[in-house]
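The structure appears right after this line, and notes come after that.
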Amino acid sequence: MTKTVILYGTESGNAEMVADDFVDALSSDHDVESIDMSDFDVADFDTDTFYLVVCSTHGDGELPSSARPFGAALDAEQPDLSGIRYSIFGMGDSSYETYSHGSEIIDEKLRALGATREGVYGRHDASDGSLPTDDALAWLEGVFEPA
Ligand SMILES: Cc1cc2nc3c(=O)[nH]c(=O)nc-3n(C[C@H](O)[C@H](O)[C@H](O)COP(=O)(O)O)c2cc1C
């Protein structure tokens with residue numbers, strides 16, 4: 001079974017909550033774990049693992065605090081990510097001009113290093129009154145839909 005790792009970057013916990021929802025939804029028939037980006041060594045990316053990236057945005061279109069060391073390590077270490085597959089779910093607030101940019105920063109870094117993004121780019125907009133869990137789980141169903 002292909003392993004699934006959920007990598008989350010958060011400032012105030014919403015992305016971690018979504019990562020936990022993904023673990024709950026997948027654990028019955030997937031080998032899955034969630035890891036805070038700040039605890040993940042970029043040398044550990046593995047082509048036998050599928051990555052679900054969940055990342056919020058803070059400041060003015062910047063990375064949340066737990067994603068900053070991960071972003072800096074990608075820049076500094078430039079790992080070869082060819083063969084790495086991932087899907088991404090961005091969390092933000094469309095009242096900001098920089099809606100969801102934090103996740104886009106991570107997405108651009110991963111693709112620049114050779115990783116391949118699969119499926120629809122997921123988003124949660126905190127200003128539309130929807131629950132992160134509802135939007136995230138609806139998106140997840142699309143990611144794991146049979147081809
Ligand atoms: C101080 C602050 C700054 C924010 N800046 C942005 C932003 O620039 N762009 C955006 O899309 N959302 C922004 N947001 C919204 C957050 O991304 C959103 O609330 C998200 O759900 C937080 O997820 P987290 O708890 O995982 O960090 C900001 C929120 C706060 C409190």
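Going by the structure tokens order, chains are called A, B, ..., each with residues numbered from 1, while ligands are numbered from 1 in the order shown.
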
If you run DSSP on the backbone, which residues of region 7-112 of chain A are strand (DSSP E), as a list of chain:residue names?
->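 So the strand (DSSP E) residues in region 7-112 of chain A would be A:Leu7, A:Tyr8, A:Gly9, A:Asp31, A:Val32, A:Glu33, A:Ser34, A:Ile35, A:Asp36, A:Thr49, A:Phe50, A:Tyr51, A:Leu52, A:Val53, A:Val54, A:Cys55, A:Ser56, A:Arg85, A:Tyr86, A:Ser87, A:Ile88, A:Phe89, A:Gly90, A:Met91, A:Gly92.
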
Only N, CA, C and O atoms, please: the residues just picked out, written as an mmCIF file, in the first residue's frame.
```
data_model
loop_
_atom_site.group_PDB
_atom_site.id
_atom_site.type_symbol
_atom_site.label_atom_id
_atom_site.label_comp_id
_atom_site.auth_asym_id
_atom_site.auth_seq_id
_atom_site.Cartn_x
_atom_site.Cartn_y
_atom_site.Cartn_z
ATOM 1 N N LEU A 7 1.339 16.746 5.199
ATOM 2 C CA LEU A 7 2.276 17.758 5.694
ATOM 3 C C LEU A 7 1.493 19.043 5.919
ATOM 4 O O LEU A 7 0.940 19.602 4.960
ATOM 5 N N TYR A 8 1.431 19.505 7.153
ATOM 6 C CA TYR A 8 0.656 20.718 7.382
ATOM 7 C C TYR A 8 1.524 21.867 7.891
ATOM 8 O O TYR A 8 2.479 21.673 8.630
ATOM 9 N N GLY A 9 1.141 23.062 7.420
ATOM 10 C CA GLY A 9 1.784 24.294 7.881
ATOM 11 C C GLY A 9 0.725 25.201 8.453
ATOM 12 O O GLY A 9 -0.265 25.511 7.773
ATOM 13 N N ASP A 31 -2.335 3.678 4.868
ATOM 14 C CA ASP A 31 -1.236 3.867 5.820
ATOM 15 C C ASP A 31 -0.955 5.367 5.820
ATOM 16 O O ASP A 31 -0.377 5.896 4.865
ATOM 17 N N VAL A 32 -1.421 6.065 6.846
ATOM 18 C CA VAL A 32 -1.395 7.536 6.813
ATOM 19 C C VAL A 32 -0.882 8.110 8.125
ATOM 20 O O VAL A 32 -1.145 7.568 9.198
ATOM 21 N N GLU A 33 -0.118 9.193 8.008
ATOM 22 C CA GLU A 33 0.257 9.950 9.214
ATOM 23 C C GLU A 33 0.322 11.423 8.853
ATOM 24 O O GLU A 33 0.540 11.793 7.692
ATOM 25 N N SER A 34 0.114 12.290 9.843
ATOM 26 C CA SER A 34 0.264 13.723 9.597
ATOM 27 C C SER A 34 1.498 14.223 10.339
ATOM 28 O O SER A 34 1.812 13.753 11.442
ATOM 29 N N ILE A 35 2.199 15.143 9.689
ATOM 30 C CA ILE A 35 3.448 15.680 10.232
ATOM 31 C C ILE A 35 3.430 17.201 10.075
ATOM 32 O O ILE A 35 3.152 17.713 8.976
ATOM 33 N N ASP A 36 3.711 17.904 11.145
ATOM 34 C CA ASP A 36 3.890 19.355 11.068
ATOM 35 C C ASP A 36 5.107 19.630 10.183
ATOM 36 O O ASP A 36 6.162 19.005 10.362
ATOM 37 N N THR A 49 5.790 7.475 -1.281
ATOM 38 C CA THR A 49 4.775 8.126 -0.432
ATOM 39 C C THR A 49 4.017 9.164 -1.241
ATOM 40 O O THR A 49 4.608 9.847 -2.087
ATOM 41 N N PHE A 50 2.693 9.261 -1.002
ATOM 42 C CA PHE A 50 1.887 10.335 -1.591
ATOM 43 C C PHE A 50 1.687 11.404 -0.513
ATOM 44 O O PHE A 50 1.348 11.089 0.628
ATOM 45 N N TYR A 51 1.909 12.662 -0.895
ATOM 46 C CA TYR A 51 1.848 13.752 0.083
ATOM 47 C C TYR A 51 0.572 14.578 -0.101
ATOM 48 O O TYR A 51 0.227 14.945 -1.235
ATOM 49 N N LEU A 52 -0.098 14.827 1.008
ATOM 50 C CA LEU A 52 -1.207 15.783 1.036
ATOM 51 C C LEU A 52 -0.697 16.991 1.804
ATOM 52 O O LEU A 52 -0.362 16.878 2.983
ATOM 53 N N VAL A 53 -0.594 18.124 1.126
ATOM 54 C CA VAL A 53 -0.051 19.330 1.737
ATOM 55 C C VAL A 53 -1.213 20.248 2.130
ATOM 56 O O VAL A 53 -2.085 20.538 1.303
ATOM 57 N N VAL A 54 -1.238 20.665 3.387
ATOM 58 C CA VAL A 54 -2.272 21.587 3.876
ATOM 59 C C VAL A 54 -1.537 22.779 4.482
ATOM 60 O O VAL A 54 -0.742 22.607 5.412
ATOM 61 N N CYS A 55 -1.783 23.973 3.926
ATOM 62 C CA CYS A 55 -1.005 25.126 4.419
ATOM 63 C C CYS A 55 -1.853 26.389 4.439
ATOM 64 O O CYS A 55 -2.542 26.693 3.462
ATOM 65 N N SER A 56 -1.791 27.123 5.524
ATOM 66 C CA SER A 56 -2.523 28.387 5.634
ATOM 67 C C SER A 56 -1.640 29.546 5.157
ATOM 68 O O SER A 56 -0.525 29.344 4.649
ATOM 69 N N ARG A 85 4.975 12.943 -5.669
ATOM 70 C CA ARG A 85 3.609 13.332 -6.047
ATOM 71 C C ARG A 85 2.889 13.914 -4.834
ATOM 72 O O ARG A 85 3.033 13.383 -3.722
ATOM 73 N N TYR A 86 2.122 14.973 -5.086
ATOM 74 C CA TYR A 86 1.407 15.583 -3.959
ATOM 75 C C TYR A 86 0.131 16.250 -4.467
ATOM 76 O O TYR A 86 -0.004 16.566 -5.661
ATOM 77 N N SER A 87 -0.788 16.469 -3.532
ATOM 78 C CA SER A 87 -1.950 17.338 -3.757
ATOM 79 C C SER A 87 -1.937 18.380 -2.658
ATOM 80 O O SER A 87 -1.365 18.158 -1.584
ATOM 81 N N ILE A 88 -2.559 19.519 -2.935
ATOM 82 C CA ILE A 88 -2.446 20.629 -1.968
ATOM 83 C C ILE A 88 -3.803 21.261 -1.674
ATOM 84 O O ILE A 88 -4.639 21.402 -2.566
ATOM 85 N N PHE A 89 -3.960 21.590 -0.389
ATOM 86 C CA PHE A 89 -5.174 22.263 0.083
ATOM 87 C C PHE A 89 -4.733 23.530 0.815
ATOM 88 O O PHE A 89 -4.071 23.457 1.853
ATOM 89 N N GLY A 90 -5.081 24.685 0.249
ATOM 90 C CA GLY A 90 -4.677 25.962 0.843
ATOM 91 C C GLY A 90 -5.779 26.533 1.720
ATOM 92 O O GLY A 90 -6.964 26.410 1.409
ATOM 93 N N MET A 91 -5.362 27.156 2.822
ATOM 94 C CA MET A 91 -6.330 27.762 3.735
ATOM 95 C C MET A 91 -6.043 29.247 3.838
ATOM 96 O O MET A 91 -4.904 29.657 4.064
ATOM 97 N N GLY A 92 -7.101 30.057 3.662
ATOM 98 C CA GLY A 92 -6.904 31.496 3.722
ATOM 99 C C GLY A 92 -8.215 32.223 3.923
ATOM 100 O O GLY A 92 -9.194 31.643 4.417
#
```

Hey, could you make a per-residue contact list for chain A against ligand 1 with 7 Å as the cut-off, showing the nearest pair of atoms and its distance in Å to one decimal, counting only C-alpha atoms and all ligand atoms, sorted by chain and number, as JSON lines?
```
{"residue": "A:Gly9", "atom": "CA", "partner": "ligand 1", "partner_atom_place_in_ligand_line": "26 (O)", "distance": 6.5}
{"residue": "A:Thr10", "atom": "CA", "partner": "ligand 1", "partner_atom_place_in_ligand_line": "26 (O)", "distance": 3.7}
{"residue": "A:Glu11", "atom": "CA", "partner": "ligand 1", "partner_atom_place_in_ligand_line": "27 (O)", "distance": 3.5}
{"residue": "A:Ser12", "atom": "CA", "partner": "ligand 1", "partner_atom_place_in_ligand_line": "25 (O)", "distance": 3.4}
{"residue": "A:Gly13", "atom": "CA", "partner": "ligand 1", "partner_atom_place_in_ligand_line": "25 (O)", "distance": 3.9}
{"residue": "A:Asn14", "atom": "CA", "partner": "ligand 1", "partner_atom_place_in_ligand_line": "25 (O)", "distance": 3.6}
{"residue": "A:Ala15", "atom": "CA", "partner": "ligand 1", "partner_atom_place_in_ligand_line": "26 (O)", "distance": 3.7}
{"residue": "A:Glu16", "atom": "CA", "partner": "ligand 1", "partner_atom_place_in_ligand_line": "26 (O)", "distance": 6.1}
{"residue": "A:Cys55", "atom": "CA", "partner": "ligand 1", "partner_atom_place_in_ligand_line": "26 (O)", "distance": 6.6}
{"residue": "A:Ser56", "atom": "CA", "partner": "ligand 1", "partner_atom_place_in_ligand_line": "17 (O)", "distance": 4.5}
{"residue": "A:Thr57", "atom": "CA", "partner": "ligand 1", "partner_atom_place_in_ligand_line": "17 (O)", "distance": 4.0}
{"residue": "A:His58", "atom": "CA", "partner": "ligand 1", "partner_atom_place_in_ligand_line": "5 (N)", "distance": 3.8}
{"residue": "A:Gly59", "atom": "CA", "partner": "ligand 1", "partner_atom_place_in_ligand_line": "3 (C)", "distance": 4.4}
{"residue": "A:Asp60", "atom": "CA", "partner": "ligand 1", "partner_atom_place_in_ligand_line": "8 (O)", "distance": 3.7}
{"residue": "A:Gly61", "atom": "CA", "partner": "ligand 1", "partner_atom_place_in_ligand_line": "8 (O)", "distance": 3.6}
{"residue": "A:Glu62", "atom": "CA", "partner": "ligand 1", "partner_atom_place_in_ligand_line": "8 (O)", "distance": 6.3}
{"residue": "A:Pro64", "atom": "CA", "partner": "ligand 1", "partner_atom_place_in_ligand_line": "27 (O)", "distance": 5.9}
{"residue": "A:Met91", "atom": "CA", "partner": "ligand 1", "partner_atom_place_in_ligand_line": "20 (C)", "distance": 5.0}
{"residue": "A:Gly92", "atom": "CA", "partner": "ligand 1", "partner_atom_place_in_ligand_line": "11 (O)", "distance": 3.4}
{"residue": "A:Asp93", "atom": "CA", "partner": "ligand 1", "partner_atom_place_in_ligand_line": "12 (N)", "distance": 4.0}
{"residue": "A:Ser94", "atom": "CA", "partner": "ligand 1", "partner_atom_place_in_ligand_line": "11 (O)", "distance": 5.6}
{"residue": "A:Tyr96", "atom": "CA", "partner": "ligand 1", "partner_atom_place_in_ligand_line": "9 (N)", "distance": 5.0}
{"residue": "A:Glu97", "atom": "CA", "partner": "ligand 1", "partner_atom_place_in_ligand_line": "9 (N)", "distance": 6.8}
{"residue": "A:Thr98", "atom": "CA", "partner": "ligand 1", "partner_atom_place_in_ligand_line": "9 (N)", "distance": 4.6}
{"residue": "A:Tyr99", "atom": "CA", "partner": "ligand 1", "partner_atom_place_in_ligand_line": "11 (O)", "distance": 3.2}
{"residue": "A:Ser100", "atom": "CA", "partner": "ligand 1", "partner_atom_place_in_ligand_line": "11 (O)", "distance": 4.0}
{"residue": "A:His101", "atom": "CA", "partner": "ligand 1", "partner_atom_place_in_ligand_line": "11 (O)", "distance": 6.2}
{"residue": "A:Ala126", "atom": "CA", "partner": "ligand 1", "partner_atom_place_in_ligand_line": "19 (O)", "distance": 5.6}
```

Using only C-alpha atoms, pick whichever of A:Ser95, A:Phe22, A:Asp75, A:Leu131 has the shortest atom-to-atom distance to Val143 (chain A).
->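 So, comparing all the options, the nearest one is A:Phe22.
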
What separates CA of Ala72 (chain A) and CA of Tyr121 (chain A) is a distance of 22.7 Å

Mind the document's chain letters and residue numbers, and return as a PyMOL selection string the residues of chain A that DSSP labels alpha helix (DSSP H).
-> chain A and resi 14-26+68-77+101-112+132-143

Selection near Ala112 (chain A), 10 Å with only C-alpha atoms, sequence-local residues under 6 positions removed, as JSON, numbers by chain = {"A": [74, 78, 80, 81, 82, 106]}

Determine the nearest neighbour of Thr133 (chain A) from the options A:Leu26, A:Leu113, A:Ala43, A:Val18, counting only C-alpha atoms.
->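 Of A:Leu26, A:Leu113, A:Ala43, A:Val18, the one nearest Thr133 (chain A) is A:Val18, counting only C-alpha atoms.
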